[in-house]
Each structure stands twice: as C-alpha cells, then as structure tokens.
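The data block below is query_23.tsv; it holds TSV, C-alpha atoms and all ligand atoms.
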chain	number	residue	atom	x	y	z
A	1	MET	CA	29.56	4.76	20.79
A	2	ASP	CA	27.44	4.72	17.65
A	3	ARG	CA	23.89	6.08	17.32
A	4	ARG	CA	22.34	2.64	17.65
A	5	SER	CA	24.17	1.87	20.86
A	6	PHE	CA	23.23	5.27	22.27
A	7	PHE	CA	19.52	4.76	21.61
A	8	LYS	CA	19.75	1.18	22.94
A	9	ALA	CA	21.29	2.47	26.15
A	10	ALA	CA	18.79	5.30	26.35
A	11	GLY	CA	15.93	2.86	25.81
A	12	ALA	CA	17.25	0.54	28.52
A	13	ALA	CA	17.54	3.45	30.94
A	14	VAL	CA	14.03	4.65	30.12
A	15	ALA	CA	12.63	1.17	30.59
A	16	ALA	CA	14.43	0.86	33.91
A	17	GLY	CA	13.33	4.34	34.90
A	18	SER	CA	9.71	3.73	33.94
A	19	ALA	CA	9.67	0.54	35.97
A	20	ALA	CA	11.19	2.31	38.95
A	21	CYS	CA	9.02	5.38	38.57
A	22	PRO	CA	5.77	4.41	36.79
A	23	ALA	CA	4.16	7.79	37.55
A	24	ALA	CA	6.61	9.39	35.10
A	25	ALA	CA	5.15	7.59	32.07
A	26	ARG	CA	2.08	9.10	30.49
A	27	GLY	CA	-0.27	7.76	27.83
A	28	ASN	CA	-1.84	9.60	24.90
A	29	LYS	CA	-3.89	12.67	25.79
A	30	GLU	CA	-7.69	12.50	25.51
A	31	LEU	CA	-9.81	14.24	22.90
A	32	PRO	CA	-11.60	17.25	24.46
A	33	PRO	CA	-15.37	16.49	24.57
A	34	ASP	CA	-16.26	19.56	22.45
A	35	ALA	CA	-13.42	19.10	19.98
A	36	VAL	CA	-14.08	20.28	16.44
A	37	GLY	CA	-12.34	19.29	13.25
A	38	LEU	CA	-12.66	18.29	9.63
A	39	LEU	CA	-13.64	15.20	7.71
A	40	PHE	CA	-11.93	14.85	4.34
A	41	ASP	CA	-13.58	12.19	2.18
A	42	SER	CA	-11.24	11.69	-0.76
A	43	THR	CA	-13.92	9.80	-2.71
A	44	LEU	CA	-16.12	12.93	-2.78
A	45	CYS	CA	-13.31	15.33	-3.78
A	46	VAL	CA	-13.37	16.46	-7.41
A	47	GLY	CA	-10.07	18.37	-7.25
A	48	CYS	CA	-11.65	21.78	-7.92
A	49	LYS	CA	-9.36	23.49	-5.34
A	50	ALA	CA	-12.05	25.92	-4.27
A	51	CYS	CA	-10.94	25.05	-0.72
A	52	VAL	CA	-7.38	26.17	-1.49
A	53	ALA	CA	-8.55	29.54	-2.81
A	54	ALA	CA	-11.05	30.03	0.04
A	55	CYS	CA	-8.37	29.22	2.62
A	56	LYS	CA	-6.09	31.85	1.10
A	57	GLU	CA	-8.81	34.46	1.07
A	58	ALA	CA	-9.90	33.71	4.64
A	59	ASN	CA	-6.31	33.88	5.92
A	60	GLY	CA	-4.99	36.73	3.77
A	61	MET	CA	-2.41	34.60	1.99
A	62	PRO	CA	-0.87	35.63	-1.36
A	63	VAL	CA	-0.79	33.60	-4.56
A	64	GLU	CA	2.09	31.19	-5.14
A	65	VAL	CA	3.23	30.67	-8.71
A	66	SER	CA	5.18	27.42	-9.03
A	67	THR	CA	6.30	27.78	-12.67
A	68	ALA	CA	7.23	30.89	-14.64
A	69	ASP	CA	4.48	30.34	-17.22
A	70	ALA	CA	1.70	29.46	-14.73
A	71	LEU	CA	-1.48	31.44	-15.33
A	72	TRP	CA	-2.96	31.10	-11.86
A	73	ASP	CA	-2.16	30.32	-8.22
A	74	THR	CA	-0.34	26.97	-8.36
A	75	PRO	CA	0.98	25.92	-4.94
A	76	LEU	CA	2.61	22.49	-5.03
A	77	ASP	CA	2.59	22.03	-1.25
A	78	ILE	CA	1.70	23.85	1.95
A	79	SER	CA	4.06	26.73	2.65
A	80	GLY	CA	4.24	30.19	4.20
A	81	LYS	CA	1.77	31.27	1.52
A	82	THR	CA	-0.52	28.22	1.45
A	83	LEU	CA	-2.10	26.55	4.50
A	84	ASN	CA	-4.17	23.98	2.62
A	85	VAL	CA	-3.42	22.14	-0.57
A	86	ILE	CA	-5.12	19.43	-2.63
A	87	LYS	CA	-2.77	16.89	-4.23
A	88	VAL	CA	-3.41	14.10	-6.68
A	89	TYR	CA	-2.23	10.49	-6.67
A	90	LYS	CA	-2.05	8.98	-10.13
A	91	ASN	CA	-0.94	5.63	-11.51
A	92	GLY	CA	-0.35	4.36	-15.04
A	93	THR	CA	-3.03	5.77	-17.30
A	94	PRO	CA	-5.00	7.58	-14.62
A	95	GLU	CA	-8.47	6.83	-15.98
A	96	VAL	CA	-10.62	5.81	-13.04
A	97	LYS	CA	-11.10	7.83	-9.85
A	98	ASP	CA	-10.34	6.17	-6.52
A	99	ARG	CA	-8.56	3.22	-8.11
A	100	GLU	CA	-4.93	2.41	-7.29
A	101	GLU	CA	-3.97	0.89	-10.67
A	102	ASN	CA	-4.48	3.09	-13.71
A	103	GLY	CA	-6.42	5.38	-11.46
A	104	TYR	CA	-6.19	8.59	-9.46
A	105	ALA	CA	-7.38	10.05	-6.16
A	106	PHE	CA	-7.16	13.34	-4.28
A	107	SER	CA	-5.63	14.10	-0.90
A	108	LYS	CA	-5.74	17.17	1.33
A	109	LYS	CA	-2.75	18.49	3.18
A	110	SER	CA	-3.19	20.88	6.10
A	111	CYS	CA	-2.73	20.73	9.87
A	112	LEU	CA	-4.52	17.68	11.33
A	113	HIS	CA	-4.97	19.25	14.79
A	114	CYS	CA	-3.55	16.26	16.64
A	115	VAL	CA	-5.20	15.16	19.86
A	116	ASP	CA	-1.74	14.99	21.49
A	117	PRO	CA	0.31	17.30	19.27
A	118	SER	CA	4.09	16.98	19.02
A	119	CYS	CA	4.38	20.63	17.98
A	120	VAL	CA	2.83	21.75	21.29
A	121	SER	CA	4.99	19.37	23.30
A	122	ALA	CA	8.19	20.48	21.52
A	123	CYS	CA	7.58	24.23	21.78
A	124	PRO	CA	9.67	25.59	24.69
A	125	VAL	CA	7.71	28.86	25.03
A	126	LYS	CA	4.09	27.71	24.53
A	127	ALA	CA	3.81	29.50	21.19
A	128	MET	CA	1.96	26.41	19.96
A	129	LYS	CA	-1.13	25.75	22.07
A	130	LYS	CA	-3.96	23.26	22.03
A	131	ASP	CA	-7.28	24.73	23.12
A	132	GLU	CA	-8.66	22.77	26.08
A	133	LYS	CA	-12.24	22.99	24.84
A	134	THR	CA	-12.11	22.83	21.03
A	135	GLY	CA	-8.77	21.06	20.68
A	136	VAL	CA	-7.67	23.47	17.95
A	137	VAL	CA	-3.89	23.81	17.76
A	138	SER	CA	-3.06	27.48	17.36
A	139	TYR	CA	0.11	29.51	17.01
A	140	ASN	CA	1.09	32.75	18.75
A	141	LYS	CA	3.66	34.62	16.68
A	142	ASP	CA	4.36	37.06	19.53
A	143	ALA	CA	5.52	34.25	21.82
A	144	CYS	CA	7.53	32.42	19.13
A	145	ILE	CA	11.34	32.56	19.40
A	146	GLY	CA	11.93	31.00	15.96
A	147	CYS	CA	13.61	27.81	17.24
A	148	ARG	CA	11.65	25.68	14.74
A	149	TYR	CA	11.35	22.72	17.16
A	150	CYS	CA	7.70	22.43	16.09
A	151	VAL	CA	8.80	22.06	12.45
A	152	ALA	CA	11.07	19.15	13.37
A	153	ALA	CA	8.55	17.56	15.75
A	154	CYS	CA	5.43	17.41	13.55
A	155	PRO	CA	5.09	13.88	12.09
A	156	PHE	CA	3.07	15.26	9.17
A	157	GLY	CA	5.53	17.97	8.07
A	158	VAL	CA	2.96	20.72	8.58
A	159	PRO	CA	4.48	23.81	10.25
A	160	ARG	CA	6.47	25.91	7.78
A	161	PHE	CA	8.96	28.61	8.72
A	162	THR	CA	8.77	31.67	6.51
A	163	TYR	CA	12.49	31.96	5.77
A	164	ASP	CA	11.88	34.45	2.97
A	165	SER	CA	10.34	37.00	5.35
A	166	ALA	CA	12.26	39.72	7.20
A	167	THR	CA	10.22	38.76	10.28
A	168	PRO	CA	9.84	34.98	9.90
A	169	VAL	CA	6.98	33.16	11.59
A	170	ILE	CA	5.52	29.67	11.62
A	171	SER	CA	2.72	29.10	9.16
A	172	LYS	CA	-0.03	26.51	9.62
A	173	CYS	CA	-3.83	26.09	9.53
A	174	GLN	CA	-5.59	27.23	12.73
A	175	LEU	CA	-8.98	25.91	11.66
A	176	CYS	CA	-10.16	29.43	10.80
A	177	GLN	CA	-10.84	30.24	14.49
A	178	HIS	CA	-10.79	33.95	13.64
A	179	ARG	CA	-14.00	33.44	11.61
A	180	TRP	CA	-15.97	31.71	14.35
A	181	PRO	CA	-17.14	34.87	16.20
A	182	GLU	CA	-18.95	35.89	12.98
A	183	GLY	CA	-20.79	32.54	12.94
A	184	LYS	CA	-18.55	31.26	10.16
A	185	TYR	CA	-16.41	28.16	10.26
A	186	ALA	CA	-13.52	26.59	8.29
A	187	ALA	CA	-13.49	28.32	4.91
A	188	CYS	CA	-12.33	25.16	3.13
A	189	ALA	CA	-15.43	23.29	4.33
A	190	GLU	CA	-17.75	26.23	3.76
A	191	VAL	CA	-16.99	26.42	0.02
A	192	CYS	CA	-16.54	22.73	-0.77
A	193	PRO	CA	-19.21	21.95	-3.38
A	194	THR	CA	-19.33	18.21	-2.69
A	195	GLY	CA	-18.88	18.04	1.10
A	196	ALA	CA	-15.53	16.31	0.59
A	197	THR	CA	-14.26	18.69	3.27
A	198	LEU	CA	-16.75	18.90	6.12
A	199	PHE	CA	-16.51	20.82	9.40
A	200	GLY	CA	-18.03	19.64	12.66
A	201	LYS	CA	-17.68	18.31	16.17
A	202	VAL	CA	-15.26	15.38	16.14
A	203	SER	CA	-17.88	13.18	17.83
A	204	ASP	CA	-20.32	13.95	14.93
A	205	ILE	CA	-17.57	13.37	12.38
A	206	LYS	CA	-16.94	9.93	13.88
A	207	THR	CA	-20.66	9.10	13.67
A	208	GLU	CA	-20.75	10.24	10.03
A	209	ILE	CA	-17.68	8.11	9.22
A	210	ALA	CA	-19.29	5.04	10.80
A	211	ARG	CA	-22.51	5.68	8.83
A	212	ARG	CA	-20.65	5.88	5.50
A	213	LYS	CA	-18.52	2.84	6.20
A	214	ALA	CA	-21.56	0.73	7.15
A	215	LEU	CA	-23.23	1.33	3.76
A	216	LYS	CA	-22.90	-1.04	0.84
A	217	PRO	CA	-20.79	0.57	-1.91
A	218	GLY	CA	-23.07	2.02	-4.58
A	219	THR	CA	-25.98	2.71	-2.18
A	220	PRO	CA	-27.62	6.10	-2.89
A	221	THR	CA	-26.67	8.20	0.13
A	222	GLN	CA	-27.29	11.71	1.46
A	223	PHE	CA	-24.01	13.58	1.91
A	224	PRO	CA	-23.96	16.71	4.08
A	225	ARG	CA	-22.04	19.77	2.92
A	226	GLY	CA	-20.44	22.60	4.90
A	227	ARG	CA	-20.95	21.94	8.59
A	228	LEU	CA	-22.34	18.90	10.37
A	229	GLY	CA	-25.34	20.03	12.41
A	230	GLY	CA	-25.70	23.21	10.31
A	231	PRO	CA	-28.39	24.06	7.74
A	232	ASP	CA	-29.29	21.13	5.50
A	233	GLN	CA	-27.27	21.37	2.29
A	234	SER	CA	-27.13	17.63	1.65
A	235	TYR	CA	-27.27	15.96	-1.73
A	236	GLU	CA	-27.59	12.39	-2.92
A	237	ALA	CA	-24.81	10.30	-4.49
A	238	PRO	CA	-23.76	6.64	-4.43
A	239	VAL	CA	-21.40	5.85	-1.59
A	240	ALA	CA	-17.92	4.73	-2.64
A	241	LYS	CA	-15.96	1.65	-1.66
A	242	TYR	CA	-13.69	2.76	1.14
A	243	VAL	CA	-10.41	1.18	2.17
A	244	ASP	CA	-10.64	-0.32	5.65
A	245	HIS	CA	-8.77	2.49	7.40
A	246	VAL	CA	-9.85	5.83	8.81
A	247	TYR	CA	-6.74	7.97	8.73
A	248	GLY	CA	-6.41	10.07	11.86
A	249	GLU	CA	-8.52	7.79	14.02
A	250	LYS	CA	-5.49	6.27	15.74
A	251	GLU	CA	-2.32	7.75	14.21
A	252	VAL	CA	-0.10	9.27	16.93
A	253	GLY	CA	-3.00	9.22	19.38
A	254	GLY	CA	-5.61	10.48	16.91
A	255	THR	CA	-6.20	13.71	15.02
A	256	GLN	CA	-9.13	16.10	14.69
A	257	MET	CA	-8.98	16.00	10.91
A	258	MET	CA	-9.93	12.49	9.82
A	259	MET	CA	-9.95	11.00	6.37
A	260	LEU	CA	-11.76	8.41	4.29
A	261	ALA	CA	-10.43	7.22	0.94
A	262	GLY	CA	-10.88	4.68	-1.82
A	263	VAL	CA	-7.13	4.01	-2.19
A	264	SER	CA	-4.63	3.23	0.55
A	265	PHE	CA	-3.39	6.19	2.51
A	266	ASP	CA	0.28	5.55	1.77
A	267	LYS	CA	-0.55	6.16	-1.89
A	268	LEU	CA	-2.08	9.49	-0.88
A	269	GLY	CA	1.09	10.52	0.90
A	270	TYR	CA	-0.04	10.04	4.50
A	271	PRO	CA	2.70	8.44	6.61
A	272	ALA	CA	2.21	5.16	8.48
A	273	LEU	CA	2.49	6.09	12.16
A	274	PRO	CA	2.18	4.32	15.52
A	275	GLU	CA	-0.84	4.75	17.80
A	276	THR	CA	1.28	6.11	20.62
A	277	SER	CA	1.76	9.85	20.35
A	278	PHE	CA	5.30	11.10	19.92
A	279	ALA	CA	4.54	13.73	22.56
A	280	SER	CA	3.81	11.07	25.18
A	281	GLN	CA	6.98	9.19	24.23
A	282	SER	CA	9.25	12.22	24.41
A	283	GLU	CA	7.67	13.55	27.61
A	284	THR	CA	7.94	10.12	29.22
A	285	LEU	CA	11.61	10.06	28.25
A	286	GLN	CA	12.21	13.53	29.71
A	287	HIS	CA	10.30	12.88	32.91
A	288	THR	CA	11.96	9.52	33.34
A	289	LEU	CA	15.44	10.87	32.86
A	290	TYR	CA	15.05	14.01	34.93
A	291	GLY	CA	12.23	13.12	37.31
A	292	GLY	CA	14.43	11.82	40.10
A	293	LEU	CA	18.07	11.75	41.07
A	294	VAL	CA	18.31	7.98	40.73
A	295	LEU	CA	17.24	7.89	37.11
A	296	PRO	CA	19.88	10.15	35.55
A	297	VAL	CA	22.45	8.04	37.37
A	298	ALA	CA	20.93	4.87	35.86
A	299	PHE	CA	20.97	6.50	32.44
A	300	LEU	CA	24.60	7.59	32.73
A	301	GLY	CA	25.53	4.16	34.08
A	302	ALA	CA	23.94	2.47	31.04
A	303	LEU	CA	25.70	4.86	28.67
A	304	THR	CA	29.04	4.31	30.38
A	305	TRP	CA	28.61	0.55	30.25
A	306	VAL	CA	27.82	0.59	26.51
A	307	ALA	CA	30.65	3.05	25.83
A	308	LYS	CA	33.16	0.91	27.69
A	309	ARG	CA	32.00	-2.20	25.89
A	310	ASN	CA	32.42	-0.51	22.53
A	311	VAL	CA	35.83	1.06	23.14
A	312	LYS	CA	38.51	-0.91	21.29
A	313	PRO	CA	41.84	-1.15	23.10
A	314	GLU	CA	44.60	1.00	21.52
A	315	ASP	CA	47.32	-0.80	19.60
A	316	GLY	CA	49.76	-0.30	22.42
A	317	GLU	CA	47.32	-1.74	24.92
A	318	GLN	CA	46.77	-4.76	22.67
A	319	GLY	CA	50.52	-5.30	22.68
A	320	ASP	CA	50.52	-5.20	26.46
A	321	SER	CA	47.79	-7.72	26.82
A	322	HIS	CA	48.83	-10.19	24.12
A	323	GLY	CA	52.50	-9.61	23.51
A	324	ALA	CA	54.73	-9.91	26.55
A	401	LIG	S1	-13.29	22.26	-2.49
A	401	LIG	FE1	-13.88	20.17	-1.91
A	401	LIG	S2	-14.05	19.09	-3.88
A	401	LIG	FE2	-12.92	20.98	-4.30
A	401	LIG	S3	-10.74	20.35	-4.08
A	401	LIG	FE3	-11.40	21.13	-2.08
A	401	LIG	S4	-12.03	19.29	-0.96
A	401	LIG	FE4	-11.97	18.73	-3.13
A	402	LIG	S1	-0.32	18.08	12.38
A	402	LIG	FE1	1.67	18.85	13.08
A	402	LIG	S2	1.36	21.06	13.32
A	402	LIG	FE2	-0.68	20.12	13.24
A	402	LIG	S3	-1.23	19.75	15.40
A	402	LIG	FE3	-0.29	17.87	14.62
A	402	LIG	S4	1.88	18.09	15.22
A	402	LIG	FE4	0.97	20.14	15.32
A	403	LIG	S1	-9.66	25.43	8.31
A	403	LIG	FE1	-9.24	27.45	7.43
A	403	LIG	S2	-7.01	27.66	7.59
A	403	LIG	FE2	-7.47	25.48	7.88
A	403	LIG	S3	-7.27	24.55	5.85
A	403	LIG	FE3	-9.43	25.10	6.13
A	403	LIG	S4	-9.61	27.16	5.27
A	403	LIG	FE4	-7.44	26.79	5.57
Give the structure from this file in structure tokens form.
Amino acid sequence: MDRRSFFKAAGAAVAAGSAACPAAARGNKELPPDAVGLLFDSTLCVGCKACVAACKEANGMPVEVSTADALWDTPLDISGKTLNVIKVYKNGTPEVKDREENGYAFSKKSCLHCVDPSCVSACPVKAMKKDEKTGVVSYNKDACIGCRYCVAACPFGVPRFTYDSATPVISKCQLCQHRWPEGKYAACAEVCPTGATLFGKVSDIKTEIARRKALKPGTPTQFPRGRLGGPDQSYEAPVAKYVDHVYGEKEVGGTQMMMLAGVSFDKLGYPALPETSFASQSETLQHTLYGGLVLPVAFLGALTWVAKRNVKPEDGEQGDSHGA
C-alpha cells in the first residue's frame, strides 16, 4: 500500500468513526478570556532590531554571529540562541517600504502562542503547557524527555532543539512571563520605538486591529507603544494601507500574536494554513481510532481492504488464473 492509499483508508476510517462516535471529534479550543499576546504591525516596523537585542538580554541569550567577519550579533533565524528575529522581504530594487514590487517589508518571527497549540498536543509528558488564564505557551525543561515531537508538530517551525548543548533543551519565546512579577512585560514590545510590536490583552489587540483597519490609508493616527492599557506613550503617524488579512486571527484556530502588514503574508514568510487547528485534527483522529473497540476494527478493515485491492497477483498466480 502506498502513502496515499494509507491516508485515504485512514481518512475513511476516521470519517466512519466520527459518524459513529460524534463525541470523539473536537473543534478548535477557545481563547482564554484574559489571554495576552502581541500585535506586530509590519507597516510600523523600521527594522532597528532593538526587539531582538532586548529579547536576548531579557532571556539571557548569547550573541549569534552568522558570518566570520560580522561585527555584531547577526542571527539569521530563531535558534537556541535567539527567540525573536526580524526578517526583511525585498523585491527588485527595494526602494519603497511596504510595497511588493521593488519594495521591502519587515516580518517578526517568534512563538505565536497558538490558541490551540500543536506543540502542547504533541508533547507526551506535558513539558509544553498552555496557561489556562493567560494562554501563554510555556516550556518546562525539567519535564522534557527530548523527543522533539513539538518541533515536528509546530506549523510555524518555532521550537528549536539545542543540539549543540551537552544538555539539550527546547528553545522558544515564553512571552517574557518571568518579567511579569516585576510589573514588566514582553521585552520586545517594551523597547520597540514605533509600537510595531505591542503587548496587551488579546481582546484589546483585536479592538486596536479593527480601529487601524477601519481608517482611510494616510489618515493621521495615534499609535500606542509598549503595552495596550499602560501609560500613554502614543505618537501620531499616517496609517498605512493594509492587506485585507490579519495573520493569526484564524490560522490553525487563531494565535495570540497577530499581525498586520502592507504586503501579503506569504511574501513575509508566514505559511498559508487552515482554520482548523492541527491539534484538534490529530486528537480527533486518536480519539476516533482508539475511543472504542468498534473503531479500530473499522480502521483495520479499511486498511485491509485497500491493501488487498492494491496487491498485484504474483506471476505464478497470474499463470494460474489466465493460463491453464
Ligand atoms: S524594535 Fe520595533 S521597530 Fe525595531 S525591529 Fe523590532 S519591531 Fe521593528
Ligand atoms: S507557534 Fe508553535 S511553538 Fe508556538 S504555541 Fe504555536 S505550535 Fe507551539
Ligand atoms: S515576548 Fe520576550 S521572549 Fe518573546 S519575543 Fe518578545 S522579548 Fe523575546
């Protein structure tokens, strides 16, 4: 049986199982009411990378020199030494910001703190956990067994395994939770000079996104900096023309870091993803297949049927059936 046939059979069994046992299927998980997260507005980002440096300082991460002659910290991607990175999209002669042709735009890469995270669902020992109140997805290195299922499961390629360490761990943004008891918040948002990275309650972030998107491009607008609901650090600038897509609003059931941009998100390196979370799909599959005695039998029956259909008779058998 080839891969395609296997997945076809598995799909048929799951569909049959779900119909027979609807309680096994689950939908996307809900956003916790007090969830916090980040808004990244690519049109406000000037590429200064203060957020990258602040993230490293706040999390005790070392510099990462990508070329032998580099004079400063030059991470090219997130890694065991870098939890947050700013990348640039450029096209042709990159002259105009937030333009796809002959333009450029910035993107931020860090954990998106998914509403229904695949990393949490895939982790067999609960080393990845989503906080019930804040929704922050955190990592417990003491519980981790190093299986790296979370690395494979994350649709955004976020968790990194520190292979070069004698005691490897998973590395990813935890929204600077360790700073909260001191009244601080995400270091990347705290230092951002333009408010391109903004911290806040997800409900407030959604309101702010709707406000920006409702404005006519070019309208002078007050942009908050730092933390939504915190001390007023706002400044005035014309609002940009946004593409008609809020990344993270619906992708894999939604994320707690959401993004606005002036160029399409595929250009910025964000993958096109379904609205159904991968966690709900995989858990539905597991529960369907193992939730009752009838369903594994249905699954095996479907596999057997496809296998039999795909088995070609041996030469000798062909002779028997056609030759005598
Ligand atoms: S600090 Fe703000 S403006 Fe500077 S690179 Fe980071 S997100 Fe962009
Ligand atoms: S972006 Fe990846 S690592 Fe972060 S919460 Fe979502 S699945 Fe987990
Ligand atoms: S919230 Fe903290 S750990 Fe996460 S990207 Fe921002 S500075 Fe880095």
### Summary
atom CA of A:Cys114 sits from atom CA of A:Pro33 at a separation of 14.2 Å
### Nearby polymer residues, ligand LIG 401 (chain A), at most 9 Å, all atoms listed in the file, as a ChimeraX atom specification
/A:40-42,44-54,85-87,106-108,188-198
#### Entry: Within 6 Å of ligand LIG 403 (chain A) (all atoms listed in the file), residues as a ChimeraX atom specification
/A:55,83-84,110,173-176,186-188
### Message
Here is a test: counting all atoms listed in the file, which residue of A:Asp164, A:Glu283, A:Asp34, A:Glu101 is nearest to A:Pro117?
### Response
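Of all the options, A:Glu283 lies closest to A:Pro117.
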How close does chain A get to ligand LIG 402 (chain A)? List, as JSON lines, each residue of chain A within 6 Å, its nearest atom pair and the distance in Å to one decimal, counting only C-alpha atoms and all ligand atoms.
{"residue": "A:Cys111", "atom": "CA", "partner": "A:LIG402", "partner_atom": "FE2", "distance": 4.0}
{"residue": "A:Leu112", "atom": "CA", "partner": "A:LIG402", "partner_atom": "S1", "distance": 4.3}
{"residue": "A:His113", "atom": "CA", "partner": "A:LIG402", "partner_atom": "S3", "distance": 3.8}
{"residue": "A:Cys114", "atom": "CA", "partner": "A:LIG402", "partner_atom": "FE3", "distance": 4.2}
{"residue": "A:Pro117", "atom": "CA", "partner": "A:LIG402", "partner_atom": "S4", "distance": 4.4}
{"residue": "A:Ser118", "atom": "CA", "partner": "A:LIG402", "partner_atom": "S4", "distance": 4.5}
{"residue": "A:Cys119", "atom": "CA", "partner": "A:LIG402", "partner_atom": "FE4", "distance": 4.4}
{"residue": "A:Val137", "atom": "CA", "partner": "A:LIG402", "partner_atom": "S3", "distance": 5.4}
{"residue": "A:Cys154", "atom": "CA", "partner": "A:LIG402", "partner_atom": "S4", "distance": 4.0}
{"residue": "A:Phe156", "atom": "CA", "partner": "A:LIG402", "partner_atom": "S1", "distance": 5.5}
{"residue": "A:Val158", "atom": "CA", "partner": "A:LIG402", "partner_atom": "S2", "distance": 5.0}
{"residue": "A:Pro159", "atom": "CA", "partner": "A:LIG402", "partner_atom": "S2", "distance": 5.2}
Restrict the calculation to all atoms listed in the file, then for each residue of stretch 93-207 of chain A with any atom at most 12 Å from an atom of stretch 240-244 of chain A give the closest atom pair and their distance in Å to one decimal, rows by chain and rising residue number, as a Markdown table.
| residue | atom | partner | partner_atom | distance |
| --- | --- | --- | --- | --- |
| A:Lys97 | CA | A:Ala240 | CA | 10.4 |
| A:Asp98 | CA | A:Ala240 | CA | 8.6 |
| A:Arg99 | CA | A:Lys241 | CA | 9.9 |
| A:Glu100 | CA | A:Val243 | CA | 11.0 |
### Task
Can you work out which one of A:Ala25, A:Leu38, A:Val263, A:Leu215 has the shortest atom-to-atom distance to A:Lys201, counting only C-alpha atoms?
A:Leu38
### Query
For the atom pair atom CA of A:Asn102 and atom CA of A:Val88, what is the interatomic distance in Å to one decimal place?
13.1 Å
### Task
For the point (-8.8, 1.8, 5.7) in the file's frame, write as a PyMOL selection string all residues with an atom no more than 10 Å away, counting only C-alpha atoms.
chain A and resi 213+242-247+259-265
### Task
For atom CA of A:Met257 and atom CA of A:Leu39, quote the distance in Å rounded to one decimal.
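Taking atom CA of A:Met257 as the start and atom CA of A:Leu39 as the end point, the length is 5.7 Å.
Closest approach to A:Ser79 from the set A:Met61, A:Cys144, A:Val96, A:Leu268 is made by A:Met61, with distances taken over only C-alpha atoms.
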Can you sort out the box for stretch 74-87 of chain A, edges along x, y and z, all listed atoms in, 3 Å on every side, with centre and edge lengths in Å to one decimal, as AutoDock Vina command-line options?
--center_x -0.4 --center_y 24.1 --center_z -1.9 --size_x 15.4 --size_y 20.4 --size_z 18.9
### Query
Using all atoms listed in the file, which of the listed residues (A:Ser138, A:Ser277, A:Gln286, A:Gln222) sits closest to A:Lys29?
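So, comparing all the options, the nearest one is A:Ser277.
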#### Entry: Residue among A:Gly60, A:Phe199, A:Met258, A:Thr207 lying closest to A:Leu228, counting only C-alpha atoms
A:Phe199
Mind filling out stretch 220-226 of chain A with all heavy atoms and sending it as a short mmCIF file (atom, residue, chain, number, x, y, z; two decimals), in the coordinates of the input?
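rebuild_9.cif, written as the output of this step:
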data_model
loop_
_atom_site.label_atom_id
_atom_site.label_comp_id
_atom_site.auth_asym_id
_atom_site.auth_seq_id
_atom_site.Cartn_x
_atom_site.Cartn_y
_atom_site.Cartn_z
N PRO A 220 -27.34 4.66 -2.86
CA PRO A 220 -27.62 6.10 -2.89
C PRO A 220 -27.65 6.65 -1.46
O PRO A 220 -28.33 6.11 -0.60
CB PRO A 220 -29.00 6.19 -3.55
CG PRO A 220 -29.20 4.88 -4.23
CD PRO A 220 -28.42 3.87 -3.44
N THR A 221 -26.89 7.71 -1.24
CA THR A 221 -26.67 8.20 0.13
C THR A 221 -26.75 9.72 0.16
O THR A 221 -26.33 10.39 -0.78
CB THR A 221 -25.25 7.75 0.59
OG1 THR A 221 -25.18 6.33 0.46
CG2 THR A 221 -24.95 8.14 2.00
N GLN A 222 -27.29 10.25 1.25
CA GLN A 222 -27.29 11.71 1.46
C GLN A 222 -25.95 12.13 2.05
O GLN A 222 -25.53 11.59 3.08
CB GLN A 222 -28.41 12.10 2.44
CG GLN A 222 -29.81 11.94 1.89
CD GLN A 222 -30.07 12.86 0.70
OE1 GLN A 222 -30.44 12.40 -0.38
NE2 GLN A 222 -29.88 14.15 0.89
N PHE A 223 -25.29 13.06 1.41
CA PHE A 223 -24.01 13.58 1.91
C PHE A 223 -24.17 15.03 2.35
O PHE A 223 -24.55 15.88 1.53
CB PHE A 223 -22.93 13.48 0.84
CG PHE A 223 -22.47 12.08 0.59
CD1 PHE A 223 -22.90 11.39 -0.53
CD2 PHE A 223 -21.62 11.43 1.48
CE1 PHE A 223 -22.50 10.09 -0.77
CE2 PHE A 223 -21.22 10.12 1.26
CZ PHE A 223 -21.65 9.45 0.13
N PRO A 224 -23.88 15.31 3.63
CA PRO A 224 -23.96 16.71 4.08
C PRO A 224 -22.84 17.55 3.48
O PRO A 224 -21.78 17.03 3.13
CB PRO A 224 -23.82 16.60 5.59
CG PRO A 224 -23.16 15.29 5.85
CD PRO A 224 -23.43 14.40 4.68
N ARG A 225 -23.07 18.84 3.38
CA ARG A 225 -22.04 19.77 2.92
C ARG A 225 -21.86 20.85 3.98
O ARG A 225 -22.80 21.18 4.70
CB ARG A 225 -22.44 20.43 1.60
CG ARG A 225 -22.35 19.50 0.43
CD ARG A 225 -22.59 20.21 -0.87
NE ARG A 225 -23.95 20.70 -0.95
CZ ARG A 225 -24.44 21.37 -1.99
NH1 ARG A 225 -23.66 21.65 -3.01
NH2 ARG A 225 -25.68 21.78 -2.00
N GLY A 226 -20.69 21.46 4.00
CA GLY A 226 -20.44 22.60 4.90
C GLY A 226 -20.11 22.16 6.30
O GLY A 226 -18.99 21.81 6.62
#
